[in-house]
file data_35.cif (mmCIF, C-alpha atoms)
data_run
#
loop_
_atom_site.label_atom_id
_atom_site.label_comp_id
_atom_site.auth_asym_id
_atom_site.auth_seq_id
_atom_site.Cartn_x
_atom_site.Cartn_y
_atom_site.Cartn_z
CA MET Q 530 -1.71 29.32 4.00
CA SER Q 531 -1.17 30.16 7.70
CA SER Q 532 -4.79 30.49 8.79
CA LEU Q 533 -8.14 29.35 7.48
CA PRO Q 534 -10.69 31.81 6.11
CA SER Q 535 -13.90 31.79 8.08
CA SER Q 536 -16.10 31.30 5.04
CA ILE Q 537 -15.71 30.18 1.42
CA ASP Q 538 -17.94 29.10 -1.44
CA VAL Q 539 -16.45 25.64 -2.05
CA ALA Q 540 -14.27 23.54 0.24
CA ILE Q 541 -12.47 20.57 -1.28
CA ILE Q 542 -11.35 17.86 1.14
CA GLY Q 543 -8.13 16.25 -0.06
CA ALA Q 544 -5.37 17.38 -2.43
CA GLY Q 545 -4.93 14.12 -4.30
CA ALA Q 546 -5.65 13.85 -8.01
CA ALA Q 547 -9.42 14.16 -7.44
CA GLY Q 548 -9.19 17.25 -5.27
CA LEU Q 549 -6.79 18.91 -7.68
CA GLY Q 550 -9.04 18.00 -10.59
CA ALA Q 551 -11.94 19.72 -8.84
CA ALA Q 552 -9.88 22.77 -7.91
CA ASN Q 553 -8.55 23.23 -11.44
CA ALA Q 554 -12.05 22.86 -12.88
CA LEU Q 555 -13.33 25.63 -10.57
CA LYS Q 556 -10.55 28.13 -11.31
CA ASN Q 557 -12.59 30.32 -13.64
CA SER Q 558 -15.93 29.87 -11.88
CA GLY Q 559 -15.77 33.10 -9.87
CA LEU Q 560 -16.15 31.05 -6.68
CA SER Q 561 -13.87 31.19 -3.66
CA VAL Q 562 -12.30 27.74 -3.37
CA LEU Q 563 -9.94 26.12 -0.86
CA VAL Q 564 -8.42 22.64 -0.85
CA LEU Q 565 -7.94 21.25 2.67
CA GLU Q 566 -5.13 18.70 2.81
CA ALA Q 567 -4.11 16.62 5.84
CA ARG Q 568 -0.56 16.09 4.57
CA ASP Q 569 2.18 18.63 4.03
CA ARG Q 570 2.17 17.98 0.26
CA VAL Q 571 -0.20 17.49 -2.66
CA GLY Q 572 -0.73 14.24 -4.53
CA GLY Q 573 -2.18 11.87 -1.95
CA ARG Q 574 -1.39 8.38 -3.17
CA ALA Q 575 0.72 9.85 -5.98
CA HIS Q 576 4.18 10.77 -4.73
CA THR Q 577 7.54 10.94 -6.46
CA ILE Q 578 10.81 11.01 -4.54
CA MET Q 579 14.49 10.97 -5.40
CA ALA Q 580 15.38 7.68 -3.74
CA SER Q 581 19.02 8.42 -4.52
CA PRO Q 582 20.77 11.02 -6.68
CA ASP Q 583 20.29 8.83 -9.75
CA VAL Q 584 17.01 7.02 -8.97
CA THR Q 585 13.57 8.62 -9.36
CA PHE Q 586 10.93 6.54 -7.61
CA ASP Q 587 7.15 6.77 -7.73
CA VAL Q 588 6.14 5.66 -4.25
CA GLY Q 589 2.53 5.53 -5.41
CA CYS Q 590 1.04 5.35 -8.91
CA GLY Q 591 3.58 5.14 -11.70
CA TRP Q 592 1.81 4.24 -14.94
CA LEU Q 593 -0.44 6.25 -17.25
CA HIS Q 594 -2.90 3.41 -17.66
CA SER Q 595 -5.19 3.47 -20.71
CA ALA Q 596 -2.92 6.22 -22.00
CA ASP Q 597 -5.05 6.87 -25.08
CA GLN Q 598 -7.92 7.87 -22.75
CA ASN Q 599 -5.88 9.18 -19.82
CA SER Q 600 -6.50 12.88 -19.13
CA PHE Q 601 -3.06 13.26 -17.54
CA VAL Q 602 -1.40 12.68 -20.92
CA LYS Q 603 -2.59 16.05 -22.22
CA ILE Q 604 -1.71 17.66 -18.89
CA ALA Q 605 1.80 16.20 -19.10
CA GLU Q 606 2.20 17.66 -22.58
CA GLN Q 607 0.96 21.06 -21.43
CA LEU Q 608 3.37 21.07 -18.48
CA ASN Q 609 6.31 19.82 -20.58
CA PHE Q 610 6.69 16.49 -18.81
CA GLU Q 611 8.40 13.88 -20.97
CA ILE Q 612 6.22 10.84 -21.64
CA ASN Q 613 7.90 7.47 -22.08
CA LYS Q 614 5.86 5.34 -24.49
CA SER Q 615 7.97 2.19 -24.49
CA LEU Q 616 6.32 -1.12 -23.74
CA PRO Q 617 5.91 -2.04 -20.06
CA PRO Q 618 7.93 -5.03 -18.89
CA TRP Q 619 4.98 -7.23 -18.00
CA ARG Q 620 4.82 -9.76 -20.83
CA GLU Q 621 7.47 -9.23 -23.44
CA ARG Q 622 10.65 -8.62 -21.47
CA ALA Q 623 11.21 -11.65 -19.29
CA TYR Q 624 14.73 -12.08 -17.95
CA GLY Q 625 16.49 -15.07 -16.49
CA LYS Q 626 15.87 -18.79 -16.45
CA ALA Q 627 13.66 -18.98 -13.35
CA PHE Q 628 10.54 -18.76 -15.52
CA PRO Q 629 11.28 -20.72 -18.72
CA GLN Q 630 9.53 -19.59 -21.88
CA ASP Q 631 7.44 -22.76 -22.23
CA ASP Q 632 6.14 -22.31 -18.69
CA ARG Q 633 5.55 -18.62 -19.30
CA ASP Q 634 3.55 -19.38 -22.45
CA ASP Q 635 1.48 -21.96 -20.56
CA TYR Q 636 0.89 -19.47 -17.75
CA MET Q 637 -0.20 -16.74 -20.19
CA ARG Q 638 -2.67 -19.14 -21.81
CA ALA Q 639 -4.12 -19.93 -18.39
CA LEU Q 640 -4.32 -16.23 -17.50
CA ASP Q 641 -6.04 -15.31 -20.76
CA ALA Q 642 -8.47 -18.21 -20.39
CA PHE Q 643 -9.34 -17.01 -16.88
CA TYR Q 644 -10.14 -13.53 -18.19
CA ASP Q 645 -12.27 -15.02 -20.96
CA ARG Q 646 -14.28 -17.01 -18.40
CA ALA Q 647 -14.56 -13.96 -16.15
CA GLU Q 648 -15.91 -11.83 -18.99
CA LYS Q 649 -18.61 -14.41 -19.79
CA ALA Q 650 -19.42 -14.74 -16.09
CA ALA Q 651 -19.87 -10.97 -15.78
CA ILE Q 652 -22.40 -11.01 -18.61
CA GLU Q 653 -24.34 -13.72 -16.81
CA ALA Q 654 -24.05 -11.86 -13.48
CA GLU Q 655 -25.42 -8.73 -15.11
CA ARG Q 656 -28.32 -10.70 -16.56
CA SER Q 657 -29.16 -12.52 -13.34
CA GLY Q 658 -28.38 -9.68 -10.94
CA ARG Q 659 -26.16 -12.03 -8.93
CA ASP Q 660 -22.70 -10.60 -8.40
CA VAL Q 661 -20.09 -13.11 -7.17
CA ALA Q 662 -16.37 -13.36 -6.44
CA ALA Q 663 -13.98 -13.50 -9.39
CA SER Q 664 -12.14 -16.42 -7.77
CA LEU Q 665 -15.03 -18.72 -8.71
CA PHE Q 666 -13.84 -18.63 -12.31
CA LEU Q 667 -10.36 -19.96 -11.74
CA GLU Q 668 -10.08 -23.35 -13.41
CA PRO Q 669 -10.17 -26.01 -10.66
CA GLY Q 670 -6.77 -27.60 -10.20
CA ASN Q 671 -4.91 -25.38 -12.65
CA ARG Q 672 -1.33 -25.14 -11.48
CA TRP Q 673 -1.13 -21.45 -12.38
CA ASN Q 674 -4.03 -20.35 -10.16
CA PRO Q 675 -1.76 -19.03 -7.37
CA MET Q 676 0.12 -16.82 -9.82
CA ILE Q 677 -3.11 -15.62 -11.44
CA ASP Q 678 -4.20 -14.64 -7.93
CA ALA Q 679 -0.87 -12.85 -7.48
CA ILE Q 680 -1.58 -10.80 -10.61
CA SER Q 681 -4.88 -9.78 -9.03
CA THR Q 682 -3.02 -8.47 -6.00
CA TYR Q 683 -1.02 -6.13 -8.23
CA ILE Q 684 -4.04 -5.03 -10.28
CA ASN Q 685 -6.79 -4.97 -7.64
CA GLY Q 686 -4.70 -4.77 -4.48
CA CYS Q 687 -6.34 -7.98 -3.26
CA GLU Q 688 -6.88 -11.63 -4.09
CA LEU Q 689 -9.68 -12.69 -6.41
CA ASP Q 690 -11.92 -13.96 -3.58
CA GLN Q 691 -12.43 -10.29 -2.60
CA VAL Q 692 -13.15 -9.00 -6.12
CA SER Q 693 -16.62 -8.47 -7.56
CA ILE Q 694 -16.89 -10.07 -11.00
CA LEU Q 695 -19.09 -7.18 -12.18
CA ASP Q 696 -16.64 -4.57 -10.92
CA MET Q 697 -13.68 -6.34 -12.50
CA ASP Q 698 -15.50 -6.40 -15.82
CA ALA Q 699 -16.47 -2.71 -15.56
CA TYR Q 700 -12.85 -1.55 -15.49
CA GLU Q 701 -11.75 -0.18 -18.86
CA ASP Q 702 -8.22 -1.07 -19.89
CA THR Q 703 -7.01 -0.20 -23.37
CA ASP Q 704 -3.69 -2.01 -22.75
CA LEU Q 705 -1.75 1.17 -23.49
CA ASN Q 706 0.51 2.04 -20.56
CA TRP Q 707 2.99 4.94 -20.60
CA ARG Q 708 5.17 6.57 -17.96
CA ILE Q 709 6.40 9.98 -16.89
CA ARG Q 710 10.18 10.19 -16.83
CA ARG Q 711 10.18 12.72 -13.97
CA GLY Q 712 7.53 10.74 -12.09
CA TYR Q 713 3.73 10.55 -12.08
CA GLY Q 714 3.66 12.04 -8.59
CA ALA Q 715 5.81 14.93 -9.79
CA LEU Q 716 3.37 15.57 -12.65
CA ILE Q 717 0.38 15.62 -10.29
CA ALA Q 718 2.24 17.95 -7.92
CA ALA Q 719 2.89 20.34 -10.82
CA TYR Q 720 -0.77 20.10 -11.83
CA GLY Q 721 -1.73 21.27 -8.35
CA ALA Q 722 0.90 23.98 -8.01
CA THR Q 723 -1.47 26.88 -8.69
CA CYS Q 724 -4.42 25.56 -6.68
CA PRO Q 725 -5.49 27.28 -3.42
CA LEU Q 726 -4.17 24.90 -0.78
CA ALA Q 727 -4.16 24.65 3.01
CA PHE Q 728 -1.78 21.95 4.25
CA ASN Q 729 -1.75 20.05 7.56
CA ARG Q 730 -5.52 20.48 7.93
CA VAL Q 731 -6.98 17.18 9.08
CA VAL Q 732 -10.74 17.31 8.59
CA THR Q 733 -12.63 15.50 11.35
CA LEU Q 734 -16.27 16.62 10.97
CA ILE Q 735 -18.49 17.81 8.14
CA ASP Q 736 -21.63 19.26 9.72
CA HIS Q 737 -24.34 19.79 7.10
CA SER Q 738 -27.19 20.26 9.57
CA ALA Q 739 -27.55 24.00 8.86
CA LYS Q 740 -27.86 26.02 5.66
CA ARG Q 741 -24.09 26.36 5.37
CA VAL Q 742 -21.76 23.43 5.86
CA ARG Q 743 -19.47 23.63 8.87
CA ILE Q 744 -16.08 21.91 8.57
CA GLU Q 745 -13.99 21.11 11.62
CA THR Q 746 -10.26 20.66 11.05
CA SER Q 747 -7.18 20.15 13.18
CA GLN Q 748 -6.38 23.85 12.77
CA GLY Q 749 -9.70 25.61 12.89
CA VAL Q 750 -13.24 25.72 11.61
CA LEU Q 751 -14.68 27.18 8.41
CA THR Q 752 -18.02 27.21 6.66
CA ALA Q 753 -18.80 26.65 3.00
CA ASP Q 754 -21.77 26.61 0.68
CA LYS Q 755 -20.58 23.43 -1.03
CA VAL Q 756 -18.11 20.71 -0.07
CA ILE Q 757 -16.38 18.21 -2.36
CA VAL Q 758 -15.13 15.15 -0.45
CA THR Q 759 -12.28 13.35 -2.22
CA VAL Q 760 -10.70 11.28 0.55
CA PRO Q 761 -10.02 7.51 0.25
CA THR Q 762 -12.91 5.18 1.06
CA SER Q 763 -11.00 3.92 4.10
CA LEU Q 764 -11.39 7.26 5.90
CA ILE Q 765 -15.14 7.32 5.26
CA ALA Q 766 -15.58 3.64 6.16
CA ASP Q 767 -13.61 4.06 9.40
CA GLU Q 768 -15.45 7.33 10.11
CA ALA Q 769 -12.17 9.16 10.51
CA ILE Q 770 -14.20 11.95 8.94
CA ARG Q 771 -17.67 12.08 10.47
CA PHE Q 772 -20.80 13.55 8.97
CA HIS Q 773 -23.56 15.26 10.94
CA PRO Q 774 -26.29 14.28 10.33
CA PRO Q 775 -24.79 10.84 9.65
CA LEU Q 776 -24.65 9.50 6.09
CA PRO Q 777 -25.02 5.73 6.59
CA ALA Q 778 -25.42 5.05 2.87
CA LYS Q 779 -22.06 6.66 2.18
CA VAL Q 780 -20.35 4.77 5.00
CA ASP Q 781 -21.85 1.47 3.81
CA ALA Q 782 -20.80 2.18 0.22
CA ALA Q 783 -17.26 3.00 1.34
CA ARG Q 784 -17.13 -0.27 3.28
CA GLY Q 785 -18.18 -2.11 0.12
CA LEU Q 786 -15.27 -0.43 -1.71
CA PRO Q 787 -12.28 -1.08 0.58
CA LEU Q 788 -8.77 -0.13 -0.38
CA GLY Q 789 -6.62 -3.03 -1.41
CA LEU Q 790 -2.89 -2.93 -0.94
CA ALA Q 791 -0.16 -2.64 -3.57
CA ASP Q 792 3.28 -1.74 -2.23
CA LYS Q 793 6.53 -0.93 -4.00
CA VAL Q 794 10.20 -1.01 -3.15
CA THR Q 795 13.28 0.18 -5.01
CA LEU Q 796 16.74 -1.30 -4.56
CA ALA Q 797 19.99 0.28 -5.70
CA LEU Q 798 21.78 -2.02 -8.13
CA ASP Q 799 25.55 -2.15 -8.15
CA GLU Q 800 27.08 -3.06 -11.52
CA PRO Q 801 23.77 -2.37 -13.32
CA GLU Q 802 25.23 -3.08 -16.77
CA ALA Q 803 25.11 -6.78 -15.87
CA LEU Q 804 21.31 -6.67 -16.28
CA PRO Q 805 19.15 -5.43 -19.17
CA LYS Q 806 17.23 -2.16 -19.09
CA GLU Q 807 13.46 -2.41 -18.61
CA GLY Q 808 13.46 -6.14 -17.91
CA ASN Q 809 10.88 -8.21 -16.06
CA LEU Q 810 12.00 -10.62 -13.37
CA ARG Q 811 9.71 -13.23 -11.89
CA ALA Q 812 10.03 -16.83 -10.83
CA ALA Q 813 7.52 -19.59 -11.53
CA THR Q 814 6.91 -19.90 -7.81
CA MET Q 815 3.40 -21.38 -7.98
CA ARG Q 816 2.36 -19.27 -5.03
CA THR Q 817 0.42 -16.06 -4.52
CA ALA Q 818 2.82 -14.67 -1.89
CA MET Q 819 5.36 -13.44 -4.39
CA GLY Q 820 6.85 -10.27 -5.79
CA THR Q 821 7.41 -9.17 -9.36
CA TYR Q 822 10.39 -7.05 -10.36
CA HIS Q 823 11.14 -4.33 -12.88
CA ILE Q 824 14.82 -4.27 -13.79
CA ARG Q 825 16.43 -0.88 -14.43
CA PRO Q 826 13.32 1.25 -15.12
CA PHE Q 827 14.30 4.13 -17.43
CA GLY Q 828 17.76 2.55 -17.42
CA GLN Q 829 18.29 3.61 -13.81
CA PRO Q 830 20.68 1.61 -11.58
CA CYS Q 831 17.91 -0.03 -9.56
CA ILE Q 832 15.35 -2.80 -9.40
CA ASP Q 833 11.75 -1.98 -8.42
CA GLY Q 834 9.68 -4.62 -6.64
CA PHE Q 835 5.91 -4.91 -6.41
CA PHE Q 836 3.84 -6.71 -3.77
CA GLY Q 837 0.09 -6.86 -3.27
CA GLY Q 838 -2.80 -8.15 -1.22
CA ARG Q 839 -2.41 -10.16 1.96
CA PHE Q 840 1.28 -10.74 1.32
CA ALA Q 841 1.98 -7.01 1.12
CA GLN Q 842 -0.03 -6.51 4.31
CA SER Q 843 2.01 -9.14 6.14
CA LEU Q 844 5.26 -7.52 5.00
CA GLU Q 845 4.09 -4.07 6.11
CA ASP Q 846 3.03 -5.49 9.45
CA ALA Q 847 6.50 -6.98 9.87
CA GLY Q 848 7.89 -3.46 10.02
CA PRO Q 849 9.93 -1.01 7.95
CA GLY Q 850 12.46 -2.73 5.73
CA ALA Q 851 10.54 -5.99 5.40
CA LEU Q 852 9.56 -5.37 1.77
CA ALA Q 853 13.17 -4.64 0.85
CA ALA Q 854 14.43 -7.73 2.69
CA GLU Q 855 11.87 -9.96 0.98
CA SER Q 856 12.76 -8.46 -2.40
CA ILE Q 857 16.45 -9.09 -1.94
CA ASN Q 858 15.86 -12.67 -0.82
CA GLU Q 859 13.60 -13.39 -3.76
CA ILE Q 860 15.89 -11.75 -6.34
CA VAL Q 861 18.85 -13.69 -4.95
CA SER Q 862 16.86 -16.92 -5.19
CA ILE Q 863 16.33 -16.17 -8.90
CA LEU Q 864 19.67 -14.68 -9.95
CA GLY Q 865 22.09 -16.28 -7.50
CA ASN Q 866 23.70 -15.39 -4.22
CA ASP Q 867 26.30 -13.15 -5.87
CA PHE Q 868 23.54 -10.56 -6.33
CA ARG Q 869 23.04 -10.09 -2.60
CA ARG Q 870 26.07 -7.81 -2.38
CA LYS Q 871 24.87 -5.82 -5.40
CA LEU Q 872 21.51 -4.79 -3.90
CA LYS Q 873 20.88 -2.04 -1.38
CA PRO Q 874 17.49 -0.84 -0.07
CA LEU Q 875 16.62 2.72 -1.07
CA ALA Q 876 12.90 3.29 -0.41
CA GLU Q 877 9.63 1.45 0.03
CA SER Q 878 5.96 2.29 0.35
CA ARG Q 879 3.79 1.41 3.34
CA TRP Q 880 0.34 2.52 2.21
CA ALA Q 881 -1.65 0.44 4.71
CA HIS Q 882 0.18 2.18 7.56
CA ASP Q 883 -0.24 5.64 6.02
CA PRO Q 884 -2.87 7.31 8.25
CA PHE Q 885 -4.31 9.38 5.40
CA ALA Q 886 -4.57 6.51 2.92
CA ARG Q 887 -4.87 3.21 4.85
CA GLY Q 888 -4.46 1.33 1.60
CA SER Q 889 -3.67 1.79 -2.07
CA TYR Q 890 -6.79 1.81 -4.26
CA SER Q 891 -10.34 0.55 -4.18
CA HIS Q 892 -11.95 -2.67 -5.28
CA ALA Q 893 -15.60 -3.63 -4.97
CA LEU Q 894 -16.34 -6.61 -2.78
CA PRO Q 895 -18.58 -9.28 -4.33
CA GLY Q 896 -22.11 -7.92 -4.37
CA HIS Q 897 -20.97 -4.31 -4.09
CA ALA Q 898 -20.23 -3.22 -7.66
CA GLY Q 899 -23.11 -0.73 -7.46
CA ASP Q 900 -21.54 1.04 -4.49
CA ARG Q 901 -19.40 3.24 -6.73
CA GLU Q 902 -22.52 5.00 -7.99
CA VAL Q 903 -23.89 5.29 -4.44
CA LEU Q 904 -20.65 6.85 -3.20
CA ALA Q 905 -20.52 9.32 -6.10
CA ALA Q 906 -24.06 10.66 -5.65
CA PRO Q 907 -24.38 14.25 -4.28
CA VAL Q 908 -26.20 14.83 -1.01
CA ASP Q 909 -28.74 17.63 -0.67
CA GLY Q 910 -27.10 19.70 -3.40
CA ARG Q 911 -24.33 20.66 -0.97
CA LEU Q 912 -22.07 17.64 -0.46
CA PHE Q 913 -20.34 16.17 -3.50
CA PHE Q 914 -18.08 13.14 -3.71
CA ALA Q 915 -15.09 12.34 -5.90
CA GLY Q 916 -12.03 10.09 -5.88
CA GLU Q 917 -10.91 7.02 -7.81
CA ALA Q 918 -13.48 4.88 -6.01
CA THR Q 919 -16.31 6.92 -7.57
CA SER Q 920 -15.13 6.41 -11.14
CA PRO Q 921 -17.40 3.93 -12.96
CA GLU Q 922 -14.70 2.60 -15.29
CA PHE Q 923 -11.29 4.03 -14.35
CA PHE Q 924 -11.33 3.31 -10.60
CA SER Q 925 -7.96 2.54 -9.00
CA THR Q 926 -6.22 5.05 -11.29
CA ALA Q 927 -4.99 8.62 -10.90
CA HIS Q 928 -6.74 9.78 -14.05
CA GLY Q 929 -10.00 8.20 -12.88
CA ALA Q 930 -9.63 10.21 -9.68
CA ARG Q 931 -8.82 13.44 -11.54
CA ASP Q 932 -11.77 13.03 -13.89
CA SER Q 933 -14.10 12.39 -10.95
CA GLY Q 934 -12.96 15.64 -9.35
CA GLU Q 935 -13.78 17.51 -12.52
CA ARG Q 936 -17.18 15.81 -12.60
CA ALA Q 937 -17.89 16.88 -9.00
CA ALA Q 938 -16.88 20.46 -9.81
CA GLU Q 939 -19.35 20.47 -12.69
CA GLU Q 940 -22.05 19.21 -10.31
CA VAL Q 941 -21.25 22.09 -7.93
CA ILE Q 942 -21.54 24.67 -10.70
CA ALA Q 943 -24.80 23.15 -11.93
CA ALA Q 944 -26.23 23.17 -8.39
CA LEU Q 945 -25.30 26.82 -7.89
CA ALA Q 946 -26.70 27.78 -11.26
CA GLY Q 947 -29.94 26.06 -10.38
CA ASN Q 948 -30.12 27.83 -7.04
CA ARG Q 949 -29.57 31.22 -8.60
CA GLY Q 950 -31.62 30.65 -11.69
CA GLY Q 951 -28.69 31.42 -13.98
CA ARG Q 952 -25.16 30.66 -14.90
CA VAL Q 953 -22.15 30.68 -12.58
CA GLY Q 954 -18.75 31.73 -13.81
CA VAL Q 955 -17.63 31.93 -17.39
#
call {"tool": "encode", "arguments": {"input": "data_35.cif", "output": "structure tokens"}}
result
Amino acid sequence: MSSLPSSIDVAIIGAGAAGLGAANALKNSGLSVLVLEARDRVGGRAHTIMASPDVTFDVGCGWLHSADQNSFVKIAEQLNFEINKSLPPWRERAYGKAFPQDDRDDYMRALDAFYDRAEKAAIEAERSGRDVAASLFLEPGNRWNPMIDAISTYINGCELDQVSILDMDAYEDTDLNWRIRRGYGALIAAYGATCPLAFNRVVTLIDHSAKRVRIETSQGVLTADKVIVTVPTSLIADEAIRFHPPLPAKVDAARGLPLGLADKVTLALDEPEALPKEGNLRAATMRTAMGTYHIRPFGQPCIDGFFGGRFAQSLEDAGPGALAAESINEIVSILGNDFRRKLKPLAESRWAHDPFARGSYSHALPGHAGDREVLAAPVDGRLFFAGEATSPEFFSTAHGARDSGERAAEEVIAALAGNRGGRVGV
């Protein structure tokens, strides 16, 4: 779209999974709708690239978590995207001798015991009304605590001292994780292909002081009856998008739900047949500053690396290429120096340095589990909020974001129906 319309019924801020969920839900409403996107593409924190002619890489989200409840599974089937239902490489497919099976079994017992304690602690926190950090329930002196904390950085994007025990317990995980062969980001892009989109429109101000909402963007101004805000919490917390009159409760809630950091890298693998397909590579490093590696995903000639939390932030801050360099060094330390010549950097994510994300996905700080509900609440029947951070049980996921967008669209339709004393759309 080359120019903005001067006036529409519903403006949606952000073309990530939440914004596209809202736009698709409003298609048959009879309302004029426009999605304003700061980037030059859809998907937000979901983005698939061809890292090389034979390596498909999801720079952002890559797994259909809780696949039996994931709304993108049905969408993938409708759009003819192949779903891979093989087991993920997290527990069952260890490779190499750097993490012996006896140690791995001991580690898994410690991890499961931590989650059992955390679940009991969440029940007590709910009863007492005292939310605390999940790190308090690590067993004192357990040698596996640093690695348990590392797992948190992959799951939550941060270490356990920053995670609300109530929020961690609220997340629903059915332990069924599938993948999209062509890429999760590619699926979400296809899902948004027919939505009304305006790219390269950076929204800076949402003025709701008058009857109609005025939206200032980097390429013009438009007004709308209703606005659905789907941007990451970081942009609201940093007031990169301002509200007039101010919405301090929203800003405070966003600050209680910061984006953690989970970064990925993919390395081309020469002589791939020397390693198994879909393997898991990890050393018993006894430290939180570590990566975990997925060998030959989908049988591709590559190794994907994953980093989270403060360690990922330090690698990003070190500059482009630091994640790849760390991955190669760690893989070589596990598999031997001969592998150094077999690995070549292809692509890496840098979500903390992405100006329109400033992180990967949300976690609630201790004492802030209730902020998800605060952030999701509509304002004055005209401003509506969606995004993974507003999902009560599927936060940090693409399907949680999509579902929240659909929920916000339903709130818009209900508000309009109430205003007009009848139904809107069909």
call {"tool": "residues_around", "arguments": {"input": "data_35.cif", "residues": "segment 557-565 of chain Q", "least_positions_apart": "2", "cutoff": "6 Å", "atoms": "only C-alpha atoms", "output": "ChimeraX atom specification"}}
result
/Q:537-543,555,725-727,730,954
call {"tool": "residues_around", "arguments": {"input": "data_35.cif", "residues": "Asp767 of chain Q", "least_positions_apart": "5", "cutoff": "10 Å", "atoms": "all atoms listed in the file", "output": "VMD selection string"}}
result
chain Q and resid 762 780 783 to 784 887
call {"tool": "closest_residue", "arguments": {"input": "data_35.cif", "among": "Q:Gly929, Q:Gly749, Q:Gly545, Q:Pro830", "to": "Pro761 of chain Q", "atoms": "only C-alpha atoms"}}
result
Q:Gly545
call {"tool": "closest_residue", "arguments": {"input": "data_35.cif", "among": "Q:Val742, Q:Ala813, Q:Ala851, Q:Leu549", "to": "Ala718 of chain Q", "atoms": "all atoms listed in the file"}}
result
Q:Leu549
call {"tool": "residues_around", "arguments": {"input": "data_35.cif", "residues": "Ser681 of chain Q", "least_positions_apart": "2", "cutoff": "12 Å", "atoms": "only C-alpha atoms", "output": "ChimeraX atom specification"}}
result
/Q:640,643-644,663-664,667,674-679,683-693,697,789-791,817-819,836-839,892
call {"tool": "closest_residue", "arguments": {"input": "data_35.cif", "among": "Q:Cys724, Q:Ala662, Q:Ala812, Q:Leu776", "to": "Leu894 of chain Q", "atoms": "only C-alpha atoms"}}
result
Q:Ala662
call {"tool": "atom_distance", "arguments": {"input": "data_35.cif", "atom1": "atom CA of Val661 of chain Q", "atom2": "atom CA of Pro895 of chain Q"}}
result
5.0 Å
call {"tool": "atom_distance", "arguments": {"input": "data_35.cif", "atom1": "atom CA of Glu807 of chain Q", "atom2": "atom CA of Arg708 of chain Q"}}
result
12.2 Å
call {"tool": "closest_residue", "arguments": {"input": "data_35.cif", "among": "Q:Asp696, Q:Ser615, Q:His773, Q:Ile680", "to": "Ala650 of chain Q", "atoms": "all atoms listed in the file"}}
result
Q:Asp696
call {"tool": "closest_residue", "arguments": {"input": "data_35.cif", "among": "Q:Asp704, Q:Glu611, Q:Glu845, Q:Glu902", "to": "Ala881 of chain Q", "atoms": "only C-alpha atoms"}}
result
Q:Glu845
call {"tool": "closest_residue", "arguments": {"input": "data_35.cif", "among": "Q:Ser532, Q:Thr926, Q:Gln842, Q:Asn609", "to": "His594 of chain Q", "atoms": "only C-alpha atoms"}}
result
Q:Thr926
call {"tool": "resolve_selection", "arguments": {"input": "data_35.cif", "expression": "the PyMOL selection byres ((chain Q and resi 873) around 8)", "output": "PyMOL selection string"}}
result
chain Q and resi 796-798+870-872+874-875
call {"tool": "write_last_selection", "arguments": {"input": "data_35.cif", "atoms": "C-alpha atoms", "output": "PDB file, in the frame of the given file"}}
result
ATOM      1  CA  LEU Q 796      16.740  -1.300  -4.560  1.00  0.00           C
ATOM      2  CA  ALA Q 797      19.990   0.280  -5.700  1.00  0.00           C
ATOM      3  CA  LEU Q 798      21.780  -2.020  -8.130  1.00  0.00           C
ATOM      4  CA  ARG Q 870      26.070  -7.810  -2.380  1.00  0.00           C
ATOM      5  CA  LYS Q 871      24.870  -5.820  -5.400  1.00  0.00           C
ATOM      6  CA  LEU Q 872      21.510  -4.790  -3.900  1.00  0.00           C
ATOM      7  CA  PRO Q 874      17.490  -0.840  -0.070  1.00  0.00           C
ATOM      8  CA  LEU Q 875      16.620   2.720  -1.070  1.00  0.00           C
TER       9      LEU Q 875
END
call {"tool": "residues_around", "arguments": {"input": "data_35.cif", "residues": "Lys614 of chain Q", "least_positions_apart": "2", "cutoff": "8 Å", "atoms": "all atoms listed in the file", "output": "list in words"}}
result
Ile612, Leu616, Asn706, Trp707 and Arg708 of chain Q
call {"tool": "resolve_selection", "arguments": {"input": "data_35.cif", "expression": "the PyMOL selection byres ((chain Q and resi 936) around 10)", "output": "list in words"}}
result
Ala547, Gly550, Ala551, Ala554, Ala905, Phe913, Phe914, Ala915, Ser920, Ala930, Arg931, Asp932, Ser933, Gly934, Glu935, Ala937, Ala938, Glu939, Glu940 and Val941 of chain Q
call {"tool": "residues_around", "arguments": {"input": "data_35.cif", "residues": "Glu668 of chain Q", "least_positions_apart": "3", "cutoff": "10 Å", "atoms": "only C-alpha atoms", "output": "list of chain:residue names"}}
result
Q:Ala639, Q:Ala642, Q:Phe643, Q:Arg646, Q:Ser664, Q:Leu665, Q:Asn671, Q:Arg672, Q:Trp673, Q:Asn674
call {"tool": "atom_distance", "arguments": {"input": "data_35.cif", "atom1": "atom CA of Thr723 of chain Q", "atom2": "atom CA of Ile757 of chain Q"}}
result
18.4 Å
